[in-house]
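Q: Below: one structure in structure tokens.
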Amino acid sequence: MAVAKILGIETEYGIIHRGAAESNPISASSALVNAYVTEVALQPGQGAPHRIGWDFEDETPGNDARGDSLLLSYAPEVETHLVNAVLTNGSRFYVDHAHPELSTPECADALGALLYDRAGEEILLRAMAGARRLLPEGEEIVVYKNNSDGKGQSYGCHENYLLARSLPFGRIVTHATTHFVTRQIFTGAGKVGAEAPGVRIDDVPFQITQRADFFEEEVGLETTLKRPIINTRDEPHADAQKYRRLHVIVGDANISETATFLKLVTTAMWLAAVEDGAVEREWRFARPVAAMRQVSRDLTLSQPLELANGRTATALEIQWDLLATCRRWAERFGLDAVGEQAGRLGLDLWEEVLGGLERDPETLADRLDWVAKLRVLEGYRDRHQLGWEDARLRAMDLQYHDLRPERSLARRLGLRTYVEPDDVRRAITEPPPDTRAWFRGRCLQRFSDQVVAANWDSMVFDTGAASLQRVPMMEPTRGTRDQVGHLVDHATSAADLIAKLSR
Amino acid sequence: MSERELKKKTAPQRRDAEIDETPANTAQGDKIKAELDDLLDEIDDVLETNAEDFVKAYIQKGGE
């Protein structure tokens, strides 16, 4: 059976520093992370200060899943000098390139990852409020949960899924590409215009995704140049004999909880079905990169995509087949790999959304970002008789993603929610109970002054002994509350905990 | 088998669910429409005061 589809989301936020004579996105991003760490530290009952270093020892983002092809591509850099914080909820809040980035903790299912993605938004909001208190009067740092500045610069929202190492990479490439090209019809966050060279606003006034313009290759290691549909970074952050981590870079950052959840749950199920050998049919595109853009720009959802076998199919037709395959997979293998509750909800919602898209996408204006955004843009255009080139429409596009409640357009559009506000509040400081993230977060809550560094797959403690103590966490499903809760909660110190763990 | 036939073949199981949903969706649709009208009434208060400057100033560095 497929390995548990442990998953998470990394979001790079767009950032502006308002009211500042000179603004530098790296210092603005650092100010946000620092403000959050300081602010949270000052609030009683929110956990101890957690200015914990990131342990870079096992970071190998240059490893390529295809083997030794580094000569053909640039390995990504790990910027060890930038601000990094590990939070008590198990996530990592840091500065990546010129953006604040929040990586959720590893979650056991898509509902968990949705909850921690939402908690991430709240963390960014608290960071902004914290920064406002520290900045001179009239200055403000604002973040946007989007993926492009509308001028050709893009930043990512990446997903990660745990896969069995035994699954041949070629099969992942084939089947994941099928889903990544066609899932855009519900994962898209919508965008005014296009940013590919030579495309005018009249040609593409509005498209389904923020990201499709930026993909140029089918498979590759880069994330910043010549972005590939399938990213080959082979850095499992886990036992590499047993696992792979599929690092997915094609997605949009979603505001809609439906879109975030569906993006995660459909991908997790599809990958599990591939892993279990339950996928019989191969959908190969004649030109996958062109197909990405074609799907993103076809608001009618009816354009046939050219397949490698000379036939054609629409994104919707392919998605119906993927759903049917996942239903058959679920009947045969059960939903354990993706979580019973998330899997059930995921299958039903997937069907409901594909049905809505087929009938009339506008019926999904309360569920999908691109539909909600397009609807309000069209409403505003009609009312004021505006052409698509009008700056107000681009401003609305940006403000859809503004996290501040008083400025957010998305918050005013009645998007359906799935997670409870109380759960989100708790998830800001509490780790998920059902992965190794629980161990990371709980240790930070209890022994932060003895934690020297943390990473996805290890923690380093200074127990006062002659040497630092490194606790490896190579198994993402271990270190849960059920497994080590009693141990961690009853340990009197980090030294006591380590002694008990090694018994 | 053509792609079209394949789609028809996989489609039937979802039809019943669609029919059941329709009334709720219409009510939901009316509610959304009313909310959209309200939003359009107030949107100029929410929008950045100088849209053109705001859009111009929103410059990001590439990430990832």
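Each chain in the structure tokens gets a letter, A, B, ..., in the order shown, and its residues are numbered from 1; ligands are numbered from 1 in order too.
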Identify every residue of chain A that has at least one atom within 6 Å of any atom of chain B, counting only C-alpha atoms, and report the result as number ranges by chain.

A: A: 97, 149, 153-156, 223-224, 317, 391-392, 395, 407

Q: Need to verify the contact set: region 403-406 of chain A, 8 Å, only C-alpha atoms, exclusion of same-chain residues closer than 6 positions in sequence. Can you return it as a PDB file with C-alpha atoms, in the first residue's frame?

A:
ATOM      1  CA  GLU A 121      -1.872  33.523   7.251  1.00  0.00           C
ATOM      2  CA  LEU A 125      -1.013  39.040  10.107  1.00  0.00           C
ATOM      3  CA  VAL A 142       2.127  44.498   3.967  1.00  0.00           C
ATOM      4  CA  VAL A 143       2.122  40.998   2.512  1.00  0.00           C
ATOM      5  CA  TYR A 144       0.123  39.505  -0.327  1.00  0.00           C
ATOM      6  CA  LYS A 145      -0.645  35.828  -0.675  1.00  0.00           C
TER       7      LYS A 145
ATOM      8  CA  VAL B  46     -11.628  49.348   0.107  1.00  0.00           C
TER       9      VAL B  46
END

Q: Leaving out Cys443 (chain A) and any residue of its chain fewer than 6 positions from it, which residues lie within 12 Å of it when counting only C-alpha atoms, given as an MDAnalysis selection string?

A: chainID A and resid 47:48 50 52 86:90 430:431 436:437 449:454 458:461 471 479:481 484:485 487:495 497:498

Q: Could you pull the residues within 6 Å of region 328-330 of chain A, counting only C-alpha atoms, minus those fewer than 4 positions along the same chain, as a PyMOL selection string?

A: chain A and resi 273+278+334-335

Q: Could you pull the residues within 12 Å of Thr258 (chain A), counting only C-alpha atoms, minus those fewer than 4 positions along the same chain, as a short mmCIF file (atom, residue, chain, number, x, y, z; two decimals) with N, CA, C and O atoms, in the first residue's frame?

A:
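Okay, this is what ended up in selection-v7.cif:
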data_model
loop_
_atom_site.label_atom_id
_atom_site.label_comp_id
_atom_site.auth_asym_id
_atom_site.auth_seq_id
_atom_site.Cartn_x
_atom_site.Cartn_y
_atom_site.Cartn_z
N ALA A 110 -4.77 16.34 4.17
CA ALA A 110 -4.98 17.64 3.53
C ALA A 110 -5.77 18.59 4.41
O ALA A 110 -5.61 19.81 4.31
N LEU A 111 -6.63 18.07 5.29
CA LEU A 111 -7.37 18.97 6.20
C LEU A 111 -6.40 19.59 7.20
O LEU A 111 -6.52 20.78 7.53
N LEU A 114 -4.41 22.22 5.36
CA LEU A 114 -5.25 23.42 5.17
C LEU A 114 -5.27 24.25 6.45
O LEU A 114 -5.11 25.47 6.42
N LEU A 115 -5.46 23.57 7.58
CA LEU A 115 -5.51 24.27 8.87
C LEU A 115 -4.20 25.04 9.11
O LEU A 115 -4.23 26.21 9.51
N ARG A 118 -3.81 28.08 6.88
CA ARG A 118 -4.61 29.19 7.42
C ARG A 118 -3.91 29.80 8.64
O ARG A 118 -3.88 31.01 8.80
N PHE A 186 -9.24 24.11 -11.08
CA PHE A 186 -9.77 24.45 -9.75
C PHE A 186 -8.71 25.01 -8.80
O PHE A 186 -9.04 25.59 -7.77
N THR A 187 -7.42 24.88 -9.13
CA THR A 187 -6.40 25.41 -8.23
C THR A 187 -6.03 26.86 -8.57
O THR A 187 -5.37 27.53 -7.76
N GLY A 188 -6.43 27.35 -9.72
CA GLY A 188 -6.00 28.68 -10.15
C GLY A 188 -6.51 29.78 -9.24
O GLY A 188 -7.65 29.74 -8.78
N ALA A 189 -5.65 30.77 -8.97
CA ALA A 189 -6.06 31.91 -8.15
C ALA A 189 -6.47 33.10 -9.02
O ALA A 189 -6.87 34.13 -8.50
N ASN A 254 -3.43 29.85 -2.77
CA ASN A 254 -4.88 30.04 -2.76
C ASN A 254 -5.35 30.76 -1.50
O ASN A 254 -4.82 30.55 -0.42
N LEU A 262 -8.60 21.14 -2.03
CA LEU A 262 -8.71 20.29 -3.22
C LEU A 262 -7.35 20.08 -3.89
O LEU A 262 -7.03 18.98 -4.35
N LYS A 263 -6.57 21.14 -3.96
CA LYS A 263 -5.23 21.05 -4.54
C LYS A 263 -4.44 19.96 -3.83
O LYS A 263 -3.82 19.10 -4.46
N LEU A 264 -4.50 19.97 -2.50
CA LEU A 264 -3.72 19.02 -1.71
C LEU A 264 -4.31 17.61 -1.76
O LEU A 264 -3.60 16.63 -1.96
N VAL A 265 -5.61 17.50 -1.56
CA VAL A 265 -6.20 16.17 -1.40
C VAL A 265 -6.23 15.43 -2.73
O VAL A 265 -5.99 14.23 -2.78
N THR A 266 -6.51 16.14 -3.83
CA THR A 266 -6.54 15.44 -5.12
C THR A 266 -5.14 14.98 -5.50
O THR A 266 -4.95 13.88 -6.01
N LEU A 345 -14.15 13.46 2.03
CA LEU A 345 -14.54 14.83 1.69
C LEU A 345 -13.92 15.23 0.35
O LEU A 345 -14.57 15.86 -0.50
N GLY A 346 -12.68 14.83 0.16
CA GLY A 346 -11.96 15.19 -1.06
C GLY A 346 -12.64 14.62 -2.30
O GLY A 346 -12.82 15.33 -3.30
N ASP A 348 -15.77 13.69 -2.71
CA ASP A 348 -17.07 14.33 -2.94
C ASP A 348 -16.92 15.74 -3.48
O ASP A 348 -17.61 16.15 -4.41
N LEU A 349 -15.99 16.48 -2.88
CA LEU A 349 -15.80 17.87 -3.29
C LEU A 349 -15.23 17.95 -4.71
O LEU A 349 -15.58 18.84 -5.50
N TRP A 350 -14.34 17.04 -5.00
CA TRP A 350 -13.72 16.98 -6.34
C TRP A 350 -14.84 16.82 -7.38
O TRP A 350 -14.92 17.55 -8.37
N GLU A 352 -18.07 17.41 -7.00
CA GLU A 352 -18.97 18.57 -6.98
C GLU A 352 -18.37 19.73 -7.78
O GLU A 352 -19.06 20.40 -8.56
N VAL A 353 -17.06 19.94 -7.62
CA VAL A 353 -16.41 21.07 -8.29
C VAL A 353 -16.28 20.81 -9.80
O VAL A 353 -16.53 21.71 -10.61
N LEU A 364 -19.51 28.32 -8.79
CA LEU A 364 -18.44 28.04 -7.83
C LEU A 364 -17.79 29.32 -7.30
O LEU A 364 -16.69 29.28 -6.76
N ALA A 365 -18.50 30.44 -7.46
CA ALA A 365 -17.93 31.73 -7.04
C ALA A 365 -17.68 31.78 -5.54
O ALA A 365 -16.93 32.62 -5.06
N ASP A 366 -18.28 30.87 -4.79
CA ASP A 366 -18.00 30.83 -3.35
C ASP A 366 -16.98 29.76 -3.00
O ASP A 366 -16.72 29.48 -1.84
N ARG A 367 -16.39 29.12 -4.02
CA ARG A 367 -15.45 28.03 -3.74
C ARG A 367 -14.10 28.16 -4.42
O ARG A 367 -13.10 27.71 -3.89
N LEU A 368 -14.05 28.71 -5.63
CA LEU A 368 -12.77 28.77 -6.35
C LEU A 368 -12.29 30.21 -6.48
O LEU A 368 -13.05 31.11 -6.81
N ASP A 369 -10.98 30.40 -6.24
CA ASP A 369 -10.42 31.75 -6.29
C ASP A 369 -10.61 32.41 -7.65
O ASP A 369 -11.04 33.56 -7.74
N TRP A 370 -10.27 31.68 -8.73
CA TRP A 370 -10.30 32.36 -10.03
C TRP A 370 -11.71 32.77 -10.40
O TRP A 370 -11.92 33.82 -11.01
N ALA A 372 -14.23 33.47 -8.22
CA ALA A 372 -14.62 34.57 -7.33
C ALA A 372 -13.98 35.88 -7.80
O ALA A 372 -14.64 36.93 -7.86
N LEU A 415 -16.40 33.42 0.51
CA LEU A 415 -15.81 32.11 0.20
C LEU A 415 -16.11 31.12 1.33
O LEU A 415 -16.05 31.47 2.51
N ARG A 416 -16.43 29.89 0.96
CA ARG A 416 -16.73 28.86 1.96
C ARG A 416 -15.50 28.52 2.77
O ARG A 416 -14.39 28.51 2.26
N THR A 417 -15.73 28.20 4.03
CA THR A 417 -14.61 27.80 4.87
C THR A 417 -14.84 26.38 5.41
O THR A 417 -15.97 25.91 5.46
N TYR A 418 -13.75 25.74 5.76
CA TYR A 418 -13.82 24.37 6.26
C TYR A 418 -13.21 24.22 7.64
O TYR A 418 -13.42 23.23 8.30
N VAL A 419 -12.38 25.17 8.02
CA VAL A 419 -11.74 25.06 9.32
C VAL A 419 -12.34 26.08 10.28
O VAL A 419 -12.77 27.15 9.88
#

Q: Could you pull out the residues in region 103-179 of chain A that DSSP calls alpha helix (DSSP H) from the backbone, as a PyMOL selection string?

A: chain A and resi 110-134+169-179

Q: Report, in Å to a single decimal, how far apart CA of Ala268 (chain A) and CA of Gln319 (chain A) are.

A: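 Between these atoms lies a distance of 14.4 Å.
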